[in-house]
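> Hey, dropping structure.txt in here, compact mmCIF, C-alpha atoms:
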```
# COMPACT_ATOMS: atom_id res chain seq x y z
CA PRO A 1 108.94 45.77 86.60
CA THR A 2 112.23 47.55 85.95
CA VAL A 3 113.24 45.35 83.02
CA TRP A 4 111.00 44.93 79.95
CA ASP A 5 110.80 42.30 77.19
CA GLU A 6 109.09 44.66 74.76
CA THR A 7 108.09 48.33 74.49
CA ARG A 8 105.67 49.85 71.97
CA VAL A 9 104.47 53.39 71.37
CA LEU A 10 100.80 52.99 70.35
CA PRO A 11 99.53 54.80 67.25
CA MET A 12 97.19 57.20 69.05
CA SER A 13 100.24 58.92 70.59
CA HIS A 14 101.02 62.49 69.43
CA ILE A 15 104.17 64.34 70.50
CA GLY A 16 103.28 67.08 72.98
CA GLU A 17 99.64 65.96 73.25
CA LEU A 18 99.25 62.30 74.20
CA ALA A 19 101.69 59.52 75.09
CA VAL A 20 100.44 55.92 75.11
CA ILE A 21 103.24 53.45 75.86
CA ALA A 22 102.74 49.67 76.15
CA ARG A 23 105.36 47.52 77.85
CA ARG A 24 105.48 43.76 78.27
CA ARG A 25 107.18 41.68 80.93
CA GLY A 26 106.62 37.95 80.32
CA GLN A 27 102.94 37.62 79.42
CA ASP A 28 101.82 40.70 81.38
CA TRP A 29 101.33 44.03 79.60
CA TYR A 30 101.44 47.48 81.21
CA LEU A 31 100.10 50.62 79.58
CA GLY A 32 101.04 54.14 80.64
CA ILE A 33 99.09 57.13 79.33
CA ILE A 34 99.88 60.83 79.77
CA ASN A 35 97.43 63.44 78.46
CA ALA A 36 98.91 66.91 77.89
CA GLY A 37 95.78 68.89 77.17
CA ASP A 38 92.03 69.00 77.49
CA GLU A 39 89.85 66.15 78.68
CA LYS A 40 89.41 63.53 75.97
CA MET A 41 88.15 60.07 75.12
CA ILE A 42 90.56 57.60 73.55
CA ASP A 43 90.03 54.16 72.06
CA ILE A 44 92.71 51.56 72.71
CA PRO A 45 92.53 48.44 70.49
CA LEU A 46 93.76 45.49 72.56
CA ASN A 47 95.21 43.62 69.57
CA PHE A 48 98.76 44.00 70.97
CA ILE A 49 97.86 41.46 73.70
CA GLN A 50 98.93 37.90 72.77
CA PHE A 51 96.32 35.99 74.78
CA SER A 52 92.63 35.99 73.82
CA LYS A 53 91.17 36.96 77.24
CA CYS A 54 92.70 39.20 79.86
CA ASN A 55 92.07 40.72 83.25
CA VAL A 56 92.33 44.48 82.91
CA THR A 57 93.03 46.77 85.87
CA VAL A 58 92.67 50.49 85.10
CA TYR A 59 94.07 53.16 87.41
CA SER A 60 92.79 56.55 86.24
CA ASP A 61 91.82 60.02 87.40
CA ASP A 62 88.63 60.09 89.45
CA PHE A 63 86.29 62.60 87.82
CA ASN A 64 84.09 62.54 90.94
CA ALA A 65 86.91 63.57 93.27
CA GLU A 66 87.15 67.10 94.59
CA PRO A 67 89.97 69.04 92.89
CA ILE A 68 92.90 69.65 95.20
CA SER A 69 94.95 72.83 94.88
CA LEU A 70 98.69 72.40 94.49
CA ALA A 71 99.30 75.89 95.89
CA GLY A 72 101.84 75.87 98.68
CA LEU A 73 102.79 72.25 98.04
CA ASN A 74 106.31 73.23 97.03
CA PRO A 75 107.53 76.80 97.73
CA ASN A 76 110.12 76.46 94.92
CA ILE A 77 107.40 76.16 92.24
CA PRO A 78 106.84 79.42 90.31
CA VAL A 79 103.69 81.33 91.28
CA GLU A 80 101.98 80.70 87.91
CA THR A 81 101.89 76.95 88.48
CA HIS A 82 100.05 77.39 91.78
CA LYS A 83 96.90 77.79 89.69
CA ILE A 84 97.14 74.14 88.63
CA TYR A 85 94.59 71.74 90.08
CA THR A 86 94.56 67.98 89.97
CA THR A 87 91.93 65.32 90.56
CA ILE A 88 93.31 63.20 93.31
CA PRO A 89 92.60 60.44 94.33
CA TYR A 90 92.55 58.05 91.42
CA LYS A 91 90.05 55.26 90.89
CA VAL A 92 90.59 51.58 90.11
CA ASP A 93 88.37 49.63 87.72
CA LYS A 94 88.69 45.93 86.92
CA GLN A 95 87.18 44.03 84.01
CA VAL A 96 87.72 41.07 81.70
CA MET A 97 88.23 41.81 78.00
CA LYS A 98 89.17 40.01 74.77
CA ASN A 99 92.15 41.03 72.66
CA THR A 100 89.72 41.64 69.77
CA GLU A 101 87.98 44.41 71.74
CA THR A 102 88.70 48.12 72.09
CA LEU A 103 88.95 49.79 75.49
CA ASN A 104 87.35 53.25 75.71
CA LEU A 105 89.03 55.49 78.25
CA ARG A 106 88.17 58.98 79.45
CA LEU A 107 91.24 61.05 80.29
CA ALA A 108 91.13 64.08 82.56
CA LYS A 109 92.62 67.40 81.49
CA ASN A 110 96.39 67.00 81.91
CA GLY A 111 95.65 63.60 83.44
CA GLY A 112 96.58 60.08 82.63
CA ALA A 113 96.09 56.42 83.37
CA PHE A 114 97.93 53.21 84.09
CA LEU A 115 96.61 49.83 82.95
CA LYS A 116 97.72 46.29 83.66
CA PHE A 117 96.75 43.32 81.50
CA THR A 118 97.15 39.75 82.77
CA LYS A 119 96.12 36.45 81.18
CA LYS A 120 92.62 35.24 82.15
```
Once you've parsed the file, please lay out its structure as C-alpha cells.


Amino acid sequence: PTVWDETRVLPMSHIGELAVIARRRGQDWYLGIINAGDEKMIDIPLNFIQFSKCNVTVYSDDFNAEPISLAGLNPNIPVETHKIYTTIPYKVDKQVMKNTETLNLRLAKNGGAFLKFTKK
C-alpha cells in the first residue's frame, strides 16, 4: 500500500545498525527490516498484531544462494563499492503464528527482510 493507517518503529531498532518498521493498512501488517552490519539473529514479538492468529509471509535473504558480484552493474559506482556482494535471490517462507509468539529471524550481513501479516 501507499497509504498507511499506522506506523511503528519497533524497539529492537538502532540508528545506523538496524531498522525494523511496522506499518498497518486495515487489518494487514507489513514489516520492513534493514540490517546495516554483520549477520545477526533478531526476535520480533508479534504483540503489535491485533488478531490472535495470523498468516505470516517472510521474504528474506537466501543464505543458500550463490553470492552475486555487483561489479560492473553500474559504471557510475565508485570502485570501492564493487567489492560488495549480495545474496540474491531471496526466499519466501509462510507460516501461521499467534500474536503471543515471537518470530526469530536470521538477517544476512547488510541484508534485510519484508514480512506480511494477515488475519487467519

> Name all residues at most 10 Å from A:Lys94 (count all atoms listed in the file; drop same-chain ones fewer than 2 positions away) and give them as a ChimeraX atom specification.

/A:55-59,92,96-97,115-116

> Residues proximal to (101.9, 63.7, 83.0) were defined as those with any atom within 12 Å of that point in the file's coordinates, counting all atoms listed in the file. Which are they, as a list in words?

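Those residues lying close to the given coordinates are Gly16, Glu17, Leu18, Ala19, Val20, Gly32, Ile33, Ile34, Asn35, Ala36, Gly37, Asp61, Thr86, Leu107, Ala108, Lys109, Asn110, Gly111, Gly112, Ala113 and Phe114 of chain A.
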
> Could you give me, as a PyMOL selection string, the residues within 7 Å of stretch 100-106 of chain A, counting all atoms listed in the file and dropping anything in the same chain fewer than 2 positions from it?

chain A and resi 40-47+97-98+108

> What gap, in Å, lies between atom CA of A:Asp5 and atom CA of A:Arg23?

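Computing it gives 7.6 Å between the two atoms.
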
> Between A:Asp62, A:Asn76, A:Tyr90, A:Val9, which has the minimum distance to A:Tyr30 (counting all atoms listed in the file)?

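Of the candidates, the smallest distance to A:Tyr30 is held by A:Val9.
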
> What does the distance between atom CA of A:Phe51 and atom CA of A:Ala22 come to in Å, to one decimal place?

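Interatomic distance here is 15.2 Å.
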
> Could you check which of A:Pro89, A:Glu39, A:Thr7, A:Pro1 is closest to A:Ala65, using only C-alpha atoms?

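Checking each of A:Pro89, A:Glu39, A:Thr7, A:Pro1 against A:Ala65, counting only C-alpha atoms, the winner is A:Pro89.
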
> Starting from the point (100.2, 42.6, 76.6), work out which residues of protein, DNA or RNA have an atom no more than 6 Å away when counting only C-alpha atoms; state them as a list in words.

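Looking at atoms near the point gives Arg24, Asp28, Trp29, Phe48 and Ile49 of chain A.
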
> Calculate how many Å separate atom CA of A:Thr118 from atom CA of A:Ile21, rounding to one decimal.

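Atom CA of A:Ile21 lies at a distance of 16.5 Å from atom CA of A:Thr118.
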
> Closest to A:Ser60 among A:Lys120, A:Arg25, A:Lys91, A:His14, using all atoms listed in the file?

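Among the listed residues, the smallest separation from A:Ser60 belongs to A:Lys91.
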
> Could you check which of A:Lys53, A:Asn64, A:Asp38, A:Leu31 is closest to A:Gln95, using only C-alpha atoms?

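Comparing A:Lys53, A:Asn64, A:Asp38, A:Leu31 against A:Gln95, the winner is A:Lys53.
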